[in-house]
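Visitor: This is coords39.cif, which holds mmCIF, N, CA and C atoms and all ligand atoms:
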```cif
data_model
loop_
_atom_site.label_atom_id
_atom_site.label_comp_id
_atom_site.auth_asym_id
_atom_site.auth_seq_id
_atom_site.Cartn_x
_atom_site.Cartn_y
_atom_site.Cartn_z
N MET A 1 33.60 -3.29 13.92
CA MET A 1 32.93 -3.81 15.11
C MET A 1 31.44 -3.48 15.07
N LYS A 2 31.15 -2.22 14.80
CA LYS A 2 29.75 -1.80 14.76
C LYS A 2 28.99 -2.60 13.69
N LYS A 3 29.64 -2.79 12.55
CA LYS A 3 29.02 -3.51 11.45
C LYS A 3 28.66 -4.94 11.85
N ILE A 4 29.57 -5.56 12.55
CA ILE A 4 29.35 -6.96 12.95
C ILE A 4 28.14 -7.05 13.87
N VAL A 5 28.07 -6.12 14.81
CA VAL A 5 26.94 -6.11 15.73
C VAL A 5 25.64 -5.93 14.95
N GLY A 6 25.66 -4.98 13.99
CA GLY A 6 24.47 -4.71 13.18
C GLY A 6 24.00 -5.95 12.46
N ARG A 7 24.93 -6.68 11.90
CA ARG A 7 24.57 -7.89 11.17
C ARG A 7 23.92 -8.92 12.08
N HIS A 8 24.44 -8.98 13.27
CA HIS A 8 23.89 -9.92 14.22
C HIS A 8 22.44 -9.62 14.53
N VAL A 9 22.18 -8.32 14.69
CA VAL A 9 20.81 -7.90 14.98
C VAL A 9 19.90 -8.27 13.82
N VAL A 10 20.34 -7.99 12.61
CA VAL A 10 19.52 -8.31 11.44
C VAL A 10 19.28 -9.81 11.36
N PHE A 11 20.33 -10.57 11.57
CA PHE A 11 20.17 -12.02 11.49
C PHE A 11 19.19 -12.51 12.55
N GLY A 12 19.31 -11.94 13.74
CA GLY A 12 18.41 -12.33 14.82
C GLY A 12 16.97 -12.02 14.44
N ALA A 13 16.75 -10.85 13.87
CA ALA A 13 15.39 -10.45 13.49
C ALA A 13 14.85 -11.39 12.44
N LEU A 14 15.68 -11.76 11.47
CA LEU A 14 15.23 -12.67 10.41
C LEU A 14 14.88 -14.03 10.98
N THR A 15 15.66 -14.46 11.93
CA THR A 15 15.41 -15.75 12.54
C THR A 15 14.05 -15.74 13.23
N VAL A 16 13.76 -14.65 13.91
CA VAL A 16 12.48 -14.53 14.58
C VAL A 16 11.35 -14.53 13.54
N LEU A 17 11.54 -13.77 12.47
CA LEU A 17 10.52 -13.70 11.43
C LEU A 17 10.25 -15.06 10.82
N ALA A 18 11.29 -15.85 10.66
CA ALA A 18 11.14 -17.16 10.06
C ALA A 18 10.31 -18.07 10.95
N GLY A 19 10.15 -17.68 12.19
CA GLY A 19 9.28 -18.41 13.09
C GLY A 19 9.70 -19.85 13.26
N PHE A 20 8.76 -20.74 12.96
CA PHE A 20 9.01 -22.15 13.20
C PHE A 20 9.64 -22.85 12.01
N ALA A 21 10.03 -22.09 11.02
CA ALA A 21 10.63 -22.70 9.84
C ALA A 21 11.82 -23.56 10.25
N VAL A 22 11.83 -24.77 9.76
CA VAL A 22 12.92 -25.67 10.10
C VAL A 22 14.16 -25.26 9.32
N THR A 23 13.97 -25.00 8.04
CA THR A 23 15.09 -24.54 7.23
C THR A 23 14.66 -23.27 6.51
N ALA A 24 15.59 -22.42 6.26
CA ALA A 24 15.27 -21.19 5.55
C ALA A 24 16.01 -21.17 4.23
N HIS A 25 16.15 -22.32 3.62
CA HIS A 25 16.87 -22.42 2.36
C HIS A 25 15.95 -22.27 1.17
N ALA A 26 16.53 -22.37 -0.01
CA ALA A 26 15.75 -22.15 -1.22
C ALA A 26 14.60 -23.15 -1.34
N ASP A 27 14.82 -24.37 -0.90
CA ASP A 27 13.77 -25.39 -1.00
C ASP A 27 12.84 -25.30 0.19
N VAL A 28 12.04 -24.28 0.24
CA VAL A 28 11.13 -24.10 1.35
C VAL A 28 9.91 -24.97 1.11
N VAL A 29 9.56 -25.75 2.10
CA VAL A 29 8.41 -26.63 1.97
C VAL A 29 7.22 -26.01 2.69
N GLY A 30 6.14 -25.84 1.98
CA GLY A 30 4.96 -25.23 2.56
C GLY A 30 4.24 -26.15 3.52
N ASN A 31 3.70 -25.56 4.57
CA ASN A 31 2.96 -26.31 5.57
C ASN A 31 1.57 -25.67 5.67
N ALA A 32 0.57 -26.44 5.24
CA ALA A 32 -0.79 -25.90 5.17
C ALA A 32 -1.30 -25.44 6.54
N LYS A 33 -0.92 -26.19 7.56
CA LYS A 33 -1.38 -25.84 8.91
C LYS A 33 -0.79 -24.52 9.37
N ALA A 34 0.48 -24.35 9.12
CA ALA A 34 1.12 -23.08 9.48
C ALA A 34 0.52 -21.96 8.64
N GLY A 35 0.17 -22.29 7.41
CA GLY A 35 -0.40 -21.28 6.51
C GLY A 35 -1.73 -20.76 7.02
N GLN A 36 -2.49 -21.64 7.61
CA GLN A 36 -3.81 -21.25 8.11
C GLN A 36 -3.72 -20.09 9.10
N ALA A 37 -2.64 -20.09 9.87
CA ALA A 37 -2.45 -19.03 10.86
C ALA A 37 -1.93 -17.74 10.22
N LYS A 38 -1.59 -17.81 8.96
CA LYS A 38 -0.98 -16.65 8.32
C LYS A 38 -1.89 -15.93 7.34
N VAL A 39 -3.09 -16.45 7.17
CA VAL A 39 -3.97 -15.84 6.18
C VAL A 39 -4.96 -14.85 6.79
N ALA A 40 -4.81 -14.61 8.10
CA ALA A 40 -5.76 -13.70 8.76
C ALA A 40 -5.87 -12.37 8.02
N MET A 41 -4.74 -11.87 7.57
CA MET A 41 -4.79 -10.55 6.91
C MET A 41 -5.25 -10.64 5.46
N CYS A 42 -5.42 -11.84 4.95
CA CYS A 42 -5.87 -11.98 3.56
C CYS A 42 -7.39 -12.03 3.50
N ILE A 43 -7.98 -12.49 4.60
CA ILE A 43 -9.41 -12.75 4.62
C ILE A 43 -10.23 -11.49 4.37
N GLY A 44 -9.72 -10.38 4.89
CA GLY A 44 -10.42 -9.11 4.73
C GLY A 44 -10.79 -8.82 3.29
N CYS A 45 -9.92 -9.22 2.39
CA CYS A 45 -10.22 -8.97 0.97
C CYS A 45 -10.62 -10.23 0.25
N HIS A 46 -9.85 -11.28 0.45
CA HIS A 46 -10.12 -12.50 -0.31
C HIS A 46 -11.27 -13.29 0.29
N GLY A 47 -11.83 -12.81 1.40
CA GLY A 47 -12.94 -13.53 2.01
C GLY A 47 -14.28 -12.85 1.83
N ILE A 48 -14.31 -11.76 1.10
CA ILE A 48 -15.57 -11.05 0.92
C ILE A 48 -16.41 -11.75 -0.14
N PRO A 49 -17.65 -12.07 0.20
CA PRO A 49 -18.50 -12.71 -0.80
C PRO A 49 -18.57 -11.80 -2.02
N ASP A 50 -18.51 -12.40 -3.15
CA ASP A 50 -18.53 -11.64 -4.40
C ASP A 50 -17.15 -11.06 -4.72
N TYR A 51 -16.24 -11.22 -3.76
CA TYR A 51 -14.83 -10.94 -4.02
C TYR A 51 -14.56 -9.57 -4.62
N ARG A 52 -14.98 -8.56 -3.91
CA ARG A 52 -14.64 -7.22 -4.38
C ARG A 52 -14.04 -6.41 -3.25
N THR A 53 -13.13 -5.56 -3.58
CA THR A 53 -12.58 -4.67 -2.58
C THR A 53 -12.97 -3.26 -2.95
N ALA A 54 -13.15 -2.43 -1.96
CA ALA A 54 -13.58 -1.06 -2.24
C ALA A 54 -12.41 -0.11 -2.22
N TYR A 55 -11.23 -0.65 -1.91
CA TYR A 55 -10.07 0.23 -1.83
C TYR A 55 -8.88 -0.42 -2.51
N PRO A 56 -8.09 0.27 -3.28
CA PRO A 56 -8.20 1.70 -3.59
C PRO A 56 -9.33 2.00 -4.57
N GLU A 57 -9.88 0.98 -5.19
CA GLU A 57 -11.02 1.19 -6.05
C GLU A 57 -11.82 -0.09 -6.02
N VAL A 58 -13.04 -0.05 -6.45
CA VAL A 58 -13.82 -1.28 -6.46
C VAL A 58 -13.16 -2.23 -7.45
N TYR A 59 -12.81 -3.38 -6.96
CA TYR A 59 -12.00 -4.26 -7.78
C TYR A 59 -12.35 -5.70 -7.47
N HIS A 60 -12.36 -6.50 -8.47
CA HIS A 60 -12.65 -7.90 -8.29
C HIS A 60 -11.46 -8.58 -7.60
N VAL A 61 -11.70 -9.24 -6.50
CA VAL A 61 -10.63 -9.93 -5.79
C VAL A 61 -10.69 -11.43 -6.14
N PRO A 62 -9.61 -11.96 -6.64
CA PRO A 62 -9.63 -13.37 -7.06
C PRO A 62 -9.81 -14.33 -5.90
N ILE A 63 -10.46 -15.45 -6.18
CA ILE A 63 -10.63 -16.50 -5.18
C ILE A 63 -9.32 -17.28 -5.08
N LEU A 64 -8.94 -17.63 -3.86
CA LEU A 64 -7.67 -18.33 -3.67
C LEU A 64 -7.85 -19.79 -3.26
N GLY A 65 -8.93 -20.08 -2.56
CA GLY A 65 -9.16 -21.45 -2.10
C GLY A 65 -9.21 -22.42 -3.26
N GLY A 66 -8.39 -23.47 -3.19
CA GLY A 66 -8.39 -24.48 -4.23
C GLY A 66 -7.45 -24.15 -5.37
N GLN A 67 -6.84 -22.99 -5.29
CA GLN A 67 -5.89 -22.60 -6.34
C GLN A 67 -4.60 -23.42 -6.20
N ASN A 68 -3.97 -23.64 -7.33
CA ASN A 68 -2.73 -24.40 -7.37
C ASN A 68 -1.63 -23.68 -6.57
N ALA A 69 -0.91 -24.46 -5.75
CA ALA A 69 0.10 -23.86 -4.86
C ALA A 69 1.17 -23.09 -5.63
N GLN A 70 1.62 -23.70 -6.73
CA GLN A 70 2.68 -23.05 -7.51
C GLN A 70 2.17 -21.74 -8.09
N TYR A 71 0.92 -21.74 -8.47
CA TYR A 71 0.33 -20.54 -9.04
C TYR A 71 0.30 -19.41 -8.00
N ILE A 72 -0.09 -19.76 -6.79
CA ILE A 72 -0.15 -18.76 -5.72
C ILE A 72 1.26 -18.25 -5.40
N MET A 73 2.20 -19.16 -5.35
CA MET A 73 3.58 -18.75 -5.06
C MET A 73 4.11 -17.84 -6.16
N ASN A 74 3.82 -18.21 -7.41
CA ASN A 74 4.28 -17.37 -8.52
C ASN A 74 3.67 -15.98 -8.43
N ALA A 75 2.38 -15.94 -8.11
CA ALA A 75 1.70 -14.65 -8.03
C ALA A 75 2.30 -13.79 -6.92
N LEU A 76 2.53 -14.40 -5.76
CA LEU A 76 3.07 -13.64 -4.62
C LEU A 76 4.50 -13.18 -4.89
N HIS A 77 5.28 -14.04 -5.52
CA HIS A 77 6.64 -13.63 -5.88
C HIS A 77 6.60 -12.50 -6.90
N GLY A 78 5.66 -12.59 -7.82
CA GLY A 78 5.52 -11.55 -8.84
C GLY A 78 5.20 -10.21 -8.21
N TYR A 79 4.27 -10.21 -7.26
CA TYR A 79 3.92 -8.95 -6.57
C TYR A 79 5.11 -8.44 -5.78
N LYS A 80 5.77 -9.37 -5.11
CA LYS A 80 6.89 -9.00 -4.25
C LYS A 80 8.00 -8.33 -5.05
N LYS A 81 8.31 -8.92 -6.19
CA LYS A 81 9.40 -8.40 -7.02
C LYS A 81 8.98 -7.20 -7.84
N GLY A 82 7.67 -7.04 -7.98
CA GLY A 82 7.20 -5.92 -8.79
C GLY A 82 6.96 -6.30 -10.24
N ASP A 83 7.07 -7.60 -10.57
CA ASP A 83 6.78 -8.05 -11.93
C ASP A 83 5.29 -7.94 -12.20
N ARG A 84 4.54 -8.11 -11.14
CA ARG A 84 3.09 -8.01 -11.26
C ARG A 84 2.68 -6.81 -10.41
N HIS A 85 1.87 -5.96 -10.98
CA HIS A 85 1.56 -4.70 -10.30
C HIS A 85 0.18 -4.66 -9.68
N PHE A 86 0.16 -4.48 -8.42
CA PHE A 86 -1.08 -4.15 -7.72
C PHE A 86 -0.62 -3.67 -6.37
N GLU A 87 -0.87 -2.40 -6.11
CA GLU A 87 -0.24 -1.75 -4.96
C GLU A 87 -0.42 -2.49 -3.63
N THR A 88 -1.67 -2.80 -3.29
CA THR A 88 -1.88 -3.44 -1.99
C THR A 88 -1.22 -4.82 -1.94
N MET A 89 -1.35 -5.57 -3.02
CA MET A 89 -0.76 -6.91 -3.00
C MET A 89 0.76 -6.83 -2.96
N HIS A 90 1.32 -5.78 -3.55
CA HIS A 90 2.77 -5.64 -3.48
C HIS A 90 3.20 -5.41 -2.02
N ALA A 91 2.48 -4.53 -1.35
CA ALA A 91 2.82 -4.22 0.04
C ALA A 91 2.70 -5.48 0.90
N ILE A 92 1.67 -6.25 0.65
CA ILE A 92 1.45 -7.46 1.44
C ILE A 92 2.51 -8.51 1.12
N ALA A 93 2.72 -8.76 -0.16
CA ALA A 93 3.68 -9.80 -0.55
C ALA A 93 5.09 -9.45 -0.07
N ALA A 94 5.41 -8.17 -0.09
CA ALA A 94 6.75 -7.75 0.33
C ALA A 94 6.99 -8.03 1.81
N SER A 95 5.91 -8.14 2.56
CA SER A 95 6.05 -8.38 4.00
C SER A 95 6.14 -9.87 4.32
N LEU A 96 5.95 -10.71 3.33
CA LEU A 96 5.96 -12.16 3.57
C LEU A 96 7.34 -12.75 3.35
N THR A 97 7.70 -13.72 4.18
CA THR A 97 8.96 -14.43 3.97
C THR A 97 8.70 -15.56 2.98
N GLU A 98 9.77 -16.18 2.52
CA GLU A 98 9.63 -17.32 1.62
C GLU A 98 8.80 -18.43 2.28
N GLN A 99 9.04 -18.59 3.57
CA GLN A 99 8.31 -19.64 4.29
C GLN A 99 6.83 -19.29 4.36
N ASP A 100 6.53 -18.02 4.61
CA ASP A 100 5.13 -17.57 4.66
C ASP A 100 4.43 -17.88 3.34
N ILE A 101 5.11 -17.53 2.26
CA ILE A 101 4.53 -17.72 0.93
C ILE A 101 4.26 -19.20 0.68
N ALA A 102 5.22 -20.03 1.03
CA ALA A 102 5.06 -21.48 0.82
C ALA A 102 3.92 -22.02 1.68
N ASP A 103 3.84 -21.57 2.92
CA ASP A 103 2.80 -22.05 3.83
C ASP A 103 1.41 -21.61 3.35
N ILE A 104 1.31 -20.35 2.99
CA ILE A 104 0.03 -19.82 2.52
C ILE A 104 -0.42 -20.54 1.26
N ALA A 105 0.52 -20.76 0.35
CA ALA A 105 0.19 -21.46 -0.90
C ALA A 105 -0.30 -22.87 -0.60
N ALA A 106 0.36 -23.54 0.34
CA ALA A 106 -0.03 -24.90 0.69
C ALA A 106 -1.42 -24.90 1.32
N TYR A 107 -1.69 -23.89 2.12
CA TYR A 107 -2.98 -23.80 2.78
C TYR A 107 -4.11 -23.62 1.77
N TYR A 108 -3.94 -22.66 0.90
CA TYR A 108 -5.00 -22.41 -0.08
C TYR A 108 -5.16 -23.58 -1.04
N ALA A 109 -4.04 -24.20 -1.40
CA ALA A 109 -4.10 -25.32 -2.33
C ALA A 109 -4.81 -26.51 -1.71
N SER A 110 -4.79 -26.59 -0.38
CA SER A 110 -5.41 -27.74 0.27
C SER A 110 -6.93 -27.57 0.38
N GLN A 111 -7.41 -26.40 0.05
CA GLN A 111 -8.86 -26.17 0.09
C GLN A 111 -9.45 -26.44 -1.28
N THR A 112 -10.75 -26.61 -1.30
CA THR A 112 -11.40 -26.63 -2.59
C THR A 112 -12.42 -25.51 -2.55
N VAL A 113 -12.82 -25.07 -3.70
CA VAL A 113 -13.74 -23.95 -3.77
C VAL A 113 -15.02 -24.25 -3.00
N THR A 114 -15.43 -25.51 -3.02
CA THR A 114 -16.70 -25.85 -2.37
C THR A 114 -16.53 -26.51 -1.01
N SER A 115 -15.28 -26.72 -0.55
CA SER A 115 -15.12 -27.42 0.72
C SER A 115 -15.80 -26.65 1.84
N LYS A 116 -16.35 -27.43 2.76
CA LYS A 116 -17.21 -26.84 3.78
C LYS A 116 -16.52 -25.81 4.66
N ASN A 117 -15.29 -26.08 5.01
CA ASN A 117 -14.61 -25.12 5.89
C ASN A 117 -13.88 -24.05 5.10
N ASN A 118 -14.22 -23.97 3.84
CA ASN A 118 -13.58 -22.94 3.03
C ASN A 118 -14.33 -21.63 3.21
N PRO A 119 -13.73 -20.68 3.92
CA PRO A 119 -14.40 -19.40 4.13
C PRO A 119 -14.34 -18.54 2.86
N GLU A 120 -14.09 -19.16 1.76
CA GLU A 120 -14.02 -18.48 0.47
C GLU A 120 -13.02 -17.33 0.48
N LYS A 121 -11.83 -17.68 0.87
CA LYS A 121 -10.82 -16.63 0.92
C LYS A 121 -9.66 -16.98 0.02
C1 LIG B 201 -6.57 -4.97 0.50
C2 LIG B 201 -7.16 -6.16 -0.09
C3 LIG B 201 -6.30 -7.41 -0.19
C4 LIG B 201 -5.64 -8.06 0.84
C5 LIG B 201 -5.59 -7.71 2.30
C6 LIG B 201 -5.01 -9.21 0.21
N1 LIG B 201 -5.26 -9.24 -1.13
FE1 LIG B 201 -4.52 -10.58 -2.45
N2 LIG B 201 -5.39 -9.55 -3.98
C7 LIG B 201 -6.21 -8.45 -3.85
C8 LIG B 201 -6.64 -7.99 -5.17
C9 LIG B 201 -7.56 -6.81 -5.46
C10 LIG B 201 -6.03 -8.87 -6.10
C11 LIG B 201 -6.09 -8.80 -7.62
C12 LIG B 201 -4.95 -7.91 -8.05
C13 LIG B 201 -4.52 -8.07 -9.48
O1 LIG B 201 -5.36 -8.12 -10.37
O2 LIG B 201 -3.30 -8.17 -9.71
C14 LIG B 201 -5.27 -9.84 -5.32
C15 LIG B 201 -4.56 -10.88 -5.88
C16 LIG B 201 -3.96 -11.89 -5.16
C17 LIG B 201 -3.33 -13.05 -5.74
C18 LIG B 201 -3.27 -13.40 -7.21
C19 LIG B 201 -4.46 -14.29 -7.50
C20 LIG B 201 -4.66 -14.59 -8.94
O3 LIG B 201 -5.57 -15.40 -9.24
O4 LIG B 201 -3.95 -14.08 -9.80
C21 LIG B 201 -2.84 -13.81 -4.72
C22 LIG B 201 -2.12 -15.14 -4.83
C23 LIG B 201 -3.16 -13.10 -3.50
N3 LIG B 201 -3.84 -11.94 -3.79
C24 LIG B 201 -2.82 -13.54 -2.24
C25 LIG B 201 -3.05 -12.83 -1.07
C26 LIG B 201 -2.59 -13.27 0.23
C27 LIG B 201 -1.84 -14.57 0.47
C28 LIG B 201 -2.96 -12.31 1.11
C29 LIG B 201 -2.66 -12.26 2.61
C30 LIG B 201 -1.28 -12.48 3.00
C31 LIG B 201 -3.68 -11.28 0.37
N4 LIG B 201 -3.70 -11.64 -0.95
C32 LIG B 201 -4.24 -10.14 0.90
C33 LIG B 201 -6.57 -7.84 -2.67
C34 LIG B 201 -6.06 -8.16 -1.41
#
```
Could you write out this file's structure as structure tokens?
Guide:
Amino acid sequence: MKKIVGRHVVFGALTVLAGFAVTAHADVVGNAKAGQAKVAMCIGCHGIPDYRTAYPEVYHVPILGGQNAQYIMNALHGYKKGDRHFETMHAIAASLTEQDIADIAAYYASQTVTSKNNPEK
């Protein structure tokens, strides 16, 4: 009985996390507009002119705007799974849902490096 209740709570929490996702299946379709609302925490690093972070060490931060969506998704999955190592990006990627990753990838892919509204993030 206790177990069943616990599962319900977890499922409920996941449903909330999935937000407006229509489906939470393997074929997650990215939505650039939804992605725009999810990159707020990325801007701090990926939006710094000259793309460097001072923590944990001075490090070149790659530009994401205009990057291929599949490439971004692969990178985030890599960090999430630990195939690709970078402490902060692992922590961030691990907090993202599949839908988040797809949306963020779609958002960045819809930008170009030189597009006017590209805050270079
Ligand atoms: C604390 C600073 C910081 C924050 C916040 C941050 N990143 Fe990163 N990100 C980095 C650094 C530094 C790298 C390069 C790490 C490496 O070489 O593996 C990186 C790498 C990446 C890459 C791989 C790019 C490439 O060309 O290989 C992607 C994709 C990425 N970040 C997406 C995001 C997204 C999406 C967010 C927000 C949800 C985010 N990052 C937030 C610092 C940050």
Visitor: Could the residues that lie within 6.5 Å of ligand LIG 201 (chain B), counting only N, CA and C atoms and all ligand atoms, be listed as number ranges by chain?
Guide: A: 38-46, 53, 55, 59-64, 71-73, 75-76, 84-86, 88-89, 92-93, 104
Visitor: So the first atom is CA of Gln70 (chain A) and the second is CA of Asn31 (chain A); what is the distance between them in Å, to one decimal place?
Guide: 13.5 Å
Visitor: Rank nothing, just name the residue among A:Thr97, A:Asp103, A:Ser110, A:Gln67 nearest to Gln36 (chain A), using all atoms listed in the file.
Guide: A:Asp103
Visitor: Give me, please, the distance in Å between CA of Gly30 (chain A) and CA of Ala69 (chain A), quoted to one decimal.
Guide: 9.0 Å
Visitor: May I ask for the distance between CA of Gly78 (chain A) and CA of Ala109 (chain A), given in Å to one decimal place?
Guide: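 Here the two named atoms are 18.0 Å from each other.
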Visitor: From (11.1, -10.6, -1.4), in the file's coordinates, out to 10 Å: which residues are reached, counting only C-alpha atoms? Answer as a PyMOL selection string.
Guide: chain A and resi 76-82+90+93-98+101
